[in-house]
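Here is the structure we will look at, set down as structure tokens.
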Amino acid sequence: MIGRVSMLGRLGRSGIRSMSTSGLPPLRVSVTGAAGAIGYALVMRIASGEMLGKDQSVILQMLEVPGEGMKKLQGVKMELDDSAFPLLAGTTMSSDPHEAFGDADYALLVGARPRGPGMERKDLLTANAKIFQVWRHFLELGRCNSCERAMPVKDLNNLVRFSCLISCKEVR
């Protein structure tokens, strides 16, 4: 508990630390689908420093769908808090892309709509293309600090090339 108290003691008034232990300002990383299986694994690795390095603090800006997705995201946030990652400077949870992509330094576009019962592949492609087009607007319109660094990623078992193609086309 002492480690936890000392970590919280470094937090600013807003609950977000202003600098990492190396003196670098925290980078904001937006993650869509953060409550899904892949998104969950990614946010844990990002918070531990495996993505941006062991001396770079991060603020995770997690996007999920309203309702059940946001309920699951609450659990992800609790696990992040309980893990007391020293590089995790803060977290935000939202179902609003304006908030989730706001001031982001990196954007990981993970997952989209899963295939439903009776859904054909073309229906899934059409639905996911619409989602990626919406995300594009926030990245393209300057909602992301470094759009050239946005990394489109999709459910690693389904439609990876399609999602990356849509994202790359839409962001350009």
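The chains in the structure tokens are called A, B, ... from first to last as shown; in each chain the residues are counted from 1, and the ligands are counted from 1 in the order shown.
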Contacts of stretch 19-58 of chain A with stretch 100-124 of chain A up to 9 Å, shortest pair per row, only C-alpha atoms, as a tab-separated table:
residue	atom	partner	partner_atom	distance
A:Leu27	CA	A:Asp105	CA	6.0
A:Arg28	CA	A:Ala104	CA	4.8
A:Val29	CA	A:Tyr106	CA	4.8
A:Ser30	CA	A:Ala107	CA	4.6
A:Val31	CA	A:Leu108	CA	4.9
A:Thr32	CA	A:Leu109	CA	5.3
A:Gly33	CA	A:Val110	CA	5.6
A:Ala34	CA	A:Val110	CA	7.6
A:Gly36	CA	A:Gly111	CA	7.7
A:Ile38	CA	A:Val110	CA	7.5
A:Gly39	CA	A:Val110	CA	6.4
May I have the selected residues written with C-alpha atoms, as a PDB file, in the first residue's frame?
ATOM      1  CA  LEU A  27       2.334  10.983 -24.256  1.00  0.00           C
ATOM      2  CA  ARG A  28      -1.368  10.480 -24.918  1.00  0.00           C
ATOM      3  CA  VAL A  29      -2.278   7.156 -26.502  1.00  0.00           C
ATOM      4  CA  SER A  30      -5.813   6.620 -27.791  1.00  0.00           C
ATOM      5  CA  VAL A  31      -6.966   3.014 -27.908  1.00  0.00           C
ATOM      6  CA  THR A  32     -10.278   2.057 -29.488  1.00  0.00           C
ATOM      7  CA  GLY A  33     -11.907  -1.160 -28.372  1.00  0.00           C
ATOM      8  CA  ALA A  34      -9.903  -1.035 -25.148  1.00  0.00           C
ATOM      9  CA  GLY A  36     -11.945  -6.122 -25.917  1.00  0.00           C
ATOM     10  CA  ILE A  38      -6.828  -7.428 -27.784  1.00  0.00           C
ATOM     11  CA  GLY A  39      -7.404  -3.886 -26.524  1.00  0.00           C
TER      12      GLY A  39
END
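Atom pair atom CA of A:Val43 / atom CA of A:Gln56: separated by 14.4 Å.
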Report as a PDB file with all heavy atoms, in the first residue's frame all protein, DNA and RNA residues lying within 8 Å of stretch 73-88 of chain A, evaluated on only C-alpha atoms, omitting residues in the same chain fewer than 4 positions from it.
ATOM      1  N   ARG A   4       1.539   2.411  -3.469  1.00  0.00           N
ATOM      2  CA  ARG A   4       0.331   2.997  -4.057  1.00  0.00           C
ATOM      3  C   ARG A   4       0.148   4.432  -3.576  1.00  0.00           C
ATOM      4  O   ARG A   4      -0.136   5.317  -4.357  1.00  0.00           O
ATOM      5  CB  ARG A   4      -0.870   2.140  -3.651  1.00  0.00           C
ATOM      6  CG  ARG A   4      -2.170   2.641  -4.164  1.00  0.00           C
ATOM      7  CD  ARG A   4      -2.445   2.052  -5.500  1.00  0.00           C
ATOM      8  NE  ARG A   4      -3.807   2.380  -5.869  1.00  0.00           N
ATOM      9  CZ  ARG A   4      -4.125   2.791  -7.059  1.00  0.00           C
ATOM     10  NH1 ARG A   4      -3.230   2.896  -7.988  1.00  0.00           N
ATOM     11  NH2 ARG A   4      -5.358   3.067  -7.359  1.00  0.00           N
ATOM     12  N   MET A   7       2.625   6.700  -5.247  1.00  0.00           N
ATOM     13  CA  MET A   7       2.273   6.979  -6.630  1.00  0.00           C
ATOM     14  C   MET A   7       1.177   8.041  -6.687  1.00  0.00           C
ATOM     15  O   MET A   7       1.251   8.988  -7.453  1.00  0.00           O
ATOM     16  CB  MET A   7       1.793   5.723  -7.339  1.00  0.00           C
ATOM     17  CG  MET A   7       1.507   5.966  -8.808  1.00  0.00           C
ATOM     18  SD  MET A   7       0.773   4.566  -9.604  1.00  0.00           S
ATOM     19  CE  MET A   7      -0.914   5.102  -9.693  1.00  0.00           C
ATOM     20  N   SER A  20       7.145  12.299 -16.384  1.00  0.00           N
ATOM     21  CA  SER A  20       7.589  10.965 -15.995  1.00  0.00           C
ATOM     22  C   SER A  20       8.817  11.112 -15.121  1.00  0.00           C
ATOM     23  O   SER A  20       9.335  12.206 -14.938  1.00  0.00           O
ATOM     24  CB  SER A  20       7.911  10.134 -17.248  1.00  0.00           C
ATOM     25  OG  SER A  20       9.044  10.669 -17.899  1.00  0.00           O
ATOM     26  N   ALA A  34     -10.812  -0.733 -26.252  1.00  0.00           N
ATOM     27  CA  ALA A  34      -9.903  -1.035 -25.148  1.00  0.00           C
ATOM     28  C   ALA A  34     -10.429  -2.103 -24.196  1.00  0.00           C
ATOM     29  O   ALA A  34      -9.652  -2.707 -23.467  1.00  0.00           O
ATOM     30  CB  ALA A  34      -9.597   0.244 -24.373  1.00  0.00           C
ATOM     31  N   ALA A  35     -11.725  -2.364 -24.187  1.00  0.00           N
ATOM     32  CA  ALA A  35     -12.272  -3.388 -23.298  1.00  0.00           C
ATOM     33  C   ALA A  35     -12.330  -4.760 -23.958  1.00  0.00           C
ATOM     34  O   ALA A  35     -12.651  -5.743 -23.300  1.00  0.00           O
ATOM     35  CB  ALA A  35     -13.662  -2.991 -22.816  1.00  0.00           C
ATOM     36  N   TYR A  40      -7.502  -4.892 -24.320  1.00  0.00           N
ATOM     37  CA  TYR A  40      -7.111  -5.081 -22.918  1.00  0.00           C
ATOM     38  C   TYR A  40      -5.625  -5.427 -22.828  1.00  0.00           C
ATOM     39  O   TYR A  40      -4.882  -4.848 -22.032  1.00  0.00           O
ATOM     40  CB  TYR A  40      -7.963  -6.183 -22.288  1.00  0.00           C
ATOM     41  CG  TYR A  40      -7.504  -6.593 -20.918  1.00  0.00           C
ATOM     42  CD1 TYR A  40      -7.907  -5.883 -19.799  1.00  0.00           C
ATOM     43  CD2 TYR A  40      -6.652  -7.679 -20.738  1.00  0.00           C
ATOM     44  CE1 TYR A  40      -7.484  -6.249 -18.526  1.00  0.00           C
ATOM     45  CE2 TYR A  40      -6.220  -8.050 -19.475  1.00  0.00           C
ATOM     46  CZ  TYR A  40      -6.632  -7.340 -18.375  1.00  0.00           C
ATOM     47  OH  TYR A  40      -6.202  -7.696 -17.137  1.00  0.00           O
ATOM     48  N   MET A  44      -2.479  -2.826 -21.179  1.00  0.00           N
ATOM     49  CA  MET A  44      -1.590  -3.285 -20.108  1.00  0.00           C
ATOM     50  C   MET A  44      -0.128  -3.161 -20.539  1.00  0.00           C
ATOM     51  O   MET A  44       0.733  -2.726 -19.768  1.00  0.00           O
ATOM     52  CB  MET A  44      -1.905  -4.729 -19.713  1.00  0.00           C
ATOM     53  CG  MET A  44      -3.276  -4.912 -19.106  1.00  0.00           C
ATOM     54  SD  MET A  44      -3.458  -3.963 -17.571  1.00  0.00           S
ATOM     55  CE  MET A  44      -5.208  -4.120 -17.304  1.00  0.00           C
ATOM     56  N   ALA A  47       0.842   0.592 -20.718  1.00  0.00           N
ATOM     57  CA  ALA A  47       1.024   1.137 -19.368  1.00  0.00           C
ATOM     58  C   ALA A  47       2.320   0.660 -18.727  1.00  0.00           C
ATOM     59  O   ALA A  47       2.926   1.372 -17.923  1.00  0.00           O
ATOM     60  CB  ALA A  47      -0.165   0.764 -18.484  1.00  0.00           C
ATOM     61  N   SER A  48       2.790  -0.528 -19.103  1.00  0.00           N
ATOM     62  CA  SER A  48       4.018  -1.072 -18.513  1.00  0.00           C
ATOM     63  C   SER A  48       5.276  -0.523 -19.177  1.00  0.00           C
ATOM     64  O   SER A  48       6.376  -0.773 -18.702  1.00  0.00           O
ATOM     65  CB  SER A  48       4.013  -2.598 -18.606  1.00  0.00           C
ATOM     66  OG  SER A  48       4.220  -3.003 -19.953  1.00  0.00           O
ATOM     67  N   GLY A  49       5.109   0.201 -20.289  1.00  0.00           N
ATOM     68  CA  GLY A  49       6.267   0.777 -20.964  1.00  0.00           C
ATOM     69  C   GLY A  49       6.766  -0.036 -22.136  1.00  0.00           C
ATOM     70  O   GLY A  49       7.779   0.304 -22.745  1.00  0.00           O
ATOM     71  N   LYS A  54      10.642   2.319 -21.316  1.00  0.00           N
ATOM     72  CA  LYS A  54      10.548   2.236 -19.853  1.00  0.00           C
ATOM     73  C   LYS A  54      10.762   3.576 -19.148  1.00  0.00           C
ATOM     74  O   LYS A  54      10.707   3.642 -17.935  1.00  0.00           O
ATOM     75  CB  LYS A  54      11.563   1.217 -19.327  1.00  0.00           C
ATOM     76  CG  LYS A  54      11.348  -0.191 -19.849  1.00  0.00           C
ATOM     77  CD  LYS A  54      10.099  -0.807 -19.282  1.00  0.00           C
ATOM     78  CE  LYS A  54       9.951  -2.252 -19.758  1.00  0.00           C
ATOM     79  NZ  LYS A  54       8.738  -2.872 -19.326  1.00  0.00           N
ATOM     80  N   ASP A  55      10.996   4.646 -19.913  1.00  0.00           N
ATOM     81  CA  ASP A  55      11.156   5.963 -19.287  1.00  0.00           C
ATOM     82  C   ASP A  55      10.117   6.967 -19.788  1.00  0.00           C
ATOM     83  O   ASP A  55      10.211   8.148 -19.503  1.00  0.00           O
ATOM     84  CB  ASP A  55      12.573   6.503 -19.526  1.00  0.00           C
ATOM     85  CG  ASP A  55      12.874   6.703 -21.008  1.00  0.00           C
ATOM     86  OD1 ASP A  55      12.126   6.177 -21.847  1.00  0.00           O
ATOM     87  OD2 ASP A  55      13.859   7.384 -21.311  1.00  0.00           O
ATOM     88  N   GLN A  56       9.115   6.497 -20.538  1.00  0.00           N
ATOM     89  CA  GLN A  56       8.103   7.388 -21.105  1.00  0.00           C
ATOM     90  C   GLN A  56       6.752   7.147 -20.442  1.00  0.00           C
ATOM     91  O   GLN A  56       6.163   6.079 -20.580  1.00  0.00           O
ATOM     92  CB  GLN A  56       7.979   7.161 -22.616  1.00  0.00           C
ATOM     93  CG  GLN A  56       6.922   8.021 -23.279  1.00  0.00           C
ATOM     94  CD  GLN A  56       7.195   9.503 -23.124  1.00  0.00           C
ATOM     95  OE1 GLN A  56       8.204  10.013 -23.603  1.00  0.00           O
ATOM     96  NE2 GLN A  56       6.297  10.208 -22.449  1.00  0.00           N
ATOM     97  N   SER A  57       6.257   8.137 -19.718  1.00  0.00           N
ATOM     98  CA  SER A  57       4.934   7.995 -19.114  1.00  0.00           C
ATOM     99  C   SER A  57       3.856   8.202 -20.178  1.00  0.00           C
ATOM    100  O   SER A  57       4.096   8.820 -21.215  1.00  0.00           O
ATOM    101  CB  SER A  57       4.755   8.982 -17.960  1.00  0.00           C
ATOM    102  OG  SER A  57       4.863  10.301 -18.418  1.00  0.00           O
ATOM    103  N   VAL A  58       2.680   7.657 -19.907  1.00  0.00           N
ATOM    104  CA  VAL A  58       1.585   7.703 -20.873  1.00  0.00           C
ATOM    105  C   VAL A  58       0.274   8.050 -20.185  1.00  0.00           C
ATOM    106  O   VAL A  58       0.090   7.799 -18.990  1.00  0.00           O
ATOM    107  CB  VAL A  58       1.405   6.357 -21.616  1.00  0.00           C
ATOM    108  CG1 VAL A  58       2.606   6.033 -22.485  1.00  0.00           C
ATOM    109  CG2 VAL A  58       1.104   5.226 -20.674  1.00  0.00           C
ATOM    110  N   ILE A  59      -0.606   8.626 -20.962  1.00  0.00           N
ATOM    111  CA  ILE A  59      -1.995   8.830 -20.573  1.00  0.00           C
ATOM    112  C   ILE A  59      -2.814   8.018 -21.564  1.00  0.00           C
ATOM    113  O   ILE A  59      -2.732   8.258 -22.779  1.00  0.00           O
ATOM    114  CB  ILE A  59      -2.397  10.312 -20.616  1.00  0.00           C
ATOM    115  CG1 ILE A  59      -1.550  11.125 -19.649  1.00  0.00           C
ATOM    116  CG2 ILE A  59      -3.893  10.474 -20.331  1.00  0.00           C
ATOM    117  CD1 ILE A  59      -1.680  12.625 -19.825  1.00  0.00           C
ATOM    118  N   LEU A  60      -3.549   7.037 -21.073  1.00  0.00           N
ATOM    119  CA  LEU A  60      -4.375   6.204 -21.939  1.00  0.00           C
ATOM    120  C   LEU A  60      -5.745   6.842 -22.108  1.00  0.00           C
ATOM    121  O   LEU A  60      -6.417   7.149 -21.125  1.00  0.00           O
ATOM    122  CB  LEU A  60      -4.526   4.805 -21.351  1.00  0.00           C
ATOM    123  CG  LEU A  60      -3.281   3.938 -21.373  1.00  0.00           C
ATOM    124  CD1 LEU A  60      -3.510   2.652 -20.578  1.00  0.00           C
ATOM    125  CD2 LEU A  60      -2.888   3.606 -22.799  1.00  0.00           C
ATOM    126  N   GLU A  64     -14.680   3.181 -26.113  1.00  0.00           N
ATOM    127  CA  GLU A  64     -15.514   1.979 -26.189  1.00  0.00           C
ATOM    128  C   GLU A  64     -16.913   2.380 -26.609  1.00  0.00           C
ATOM    129  O   GLU A  64     -17.276   3.543 -26.564  1.00  0.00           O
ATOM    130  CB  GLU A  64     -15.582   1.269 -24.837  1.00  0.00           C
ATOM    131  CG  GLU A  64     -14.731   0.017 -24.704  1.00  0.00           C
ATOM    132  CD  GLU A  64     -14.945  -1.028 -25.799  1.00  0.00           C
ATOM    133  OE1 GLU A  64     -16.017  -1.082 -26.441  1.00  0.00           O
ATOM    134  OE2 GLU A  64     -14.022  -1.812 -26.007  1.00  0.00           O
ATOM    135  N   GLY A  69     -20.007  -2.057 -23.480  1.00  0.00           N
ATOM    136  CA  GLY A  69     -18.580  -1.779 -23.688  1.00  0.00           C
ATOM    137  C   GLY A  69     -18.009  -0.873 -22.610  1.00  0.00           C
ATOM    138  O   GLY A  69     -16.908  -1.106 -22.101  1.00  0.00           O
ATOM    139  N   MET A  93     -11.801   7.390 -20.027  1.00  0.00           N
ATOM    140  CA  MET A  93     -12.694   6.419 -20.647  1.00  0.00           C
ATOM    141  C   MET A  93     -13.809   7.208 -21.312  1.00  0.00           C
ATOM    142  O   MET A  93     -14.354   8.128 -20.709  1.00  0.00           O
ATOM    143  CB  MET A  93     -13.310   5.500 -19.599  1.00  0.00           C
ATOM    144  CG  MET A  93     -12.338   4.746 -18.762  1.00  0.00           C
ATOM    145  SD  MET A  93     -13.172   3.631 -17.607  1.00  0.00           S
ATOM    146  CE  MET A  93     -14.505   4.623 -16.995  1.00  0.00           C
TER     147      MET A  93
END
*Based on DSSP run over this structure's backbone, return all residues of stretch 29-159 of chain A in helix (DSSP H, G or I), as a PyMOL selection string.*
chain A and resi 37-48+68-83+97-101+121-143+147-149
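Straight-line separation from atom CA of A:Pro66 to atom CA of A:Ala127: 16.9 Å.
Comparing A:Leu42, A:Val134, A:Leu52, A:Ala129 by their smallest distance to A:Pro26, the closest is A:Leu52 (using only C-alpha atoms).
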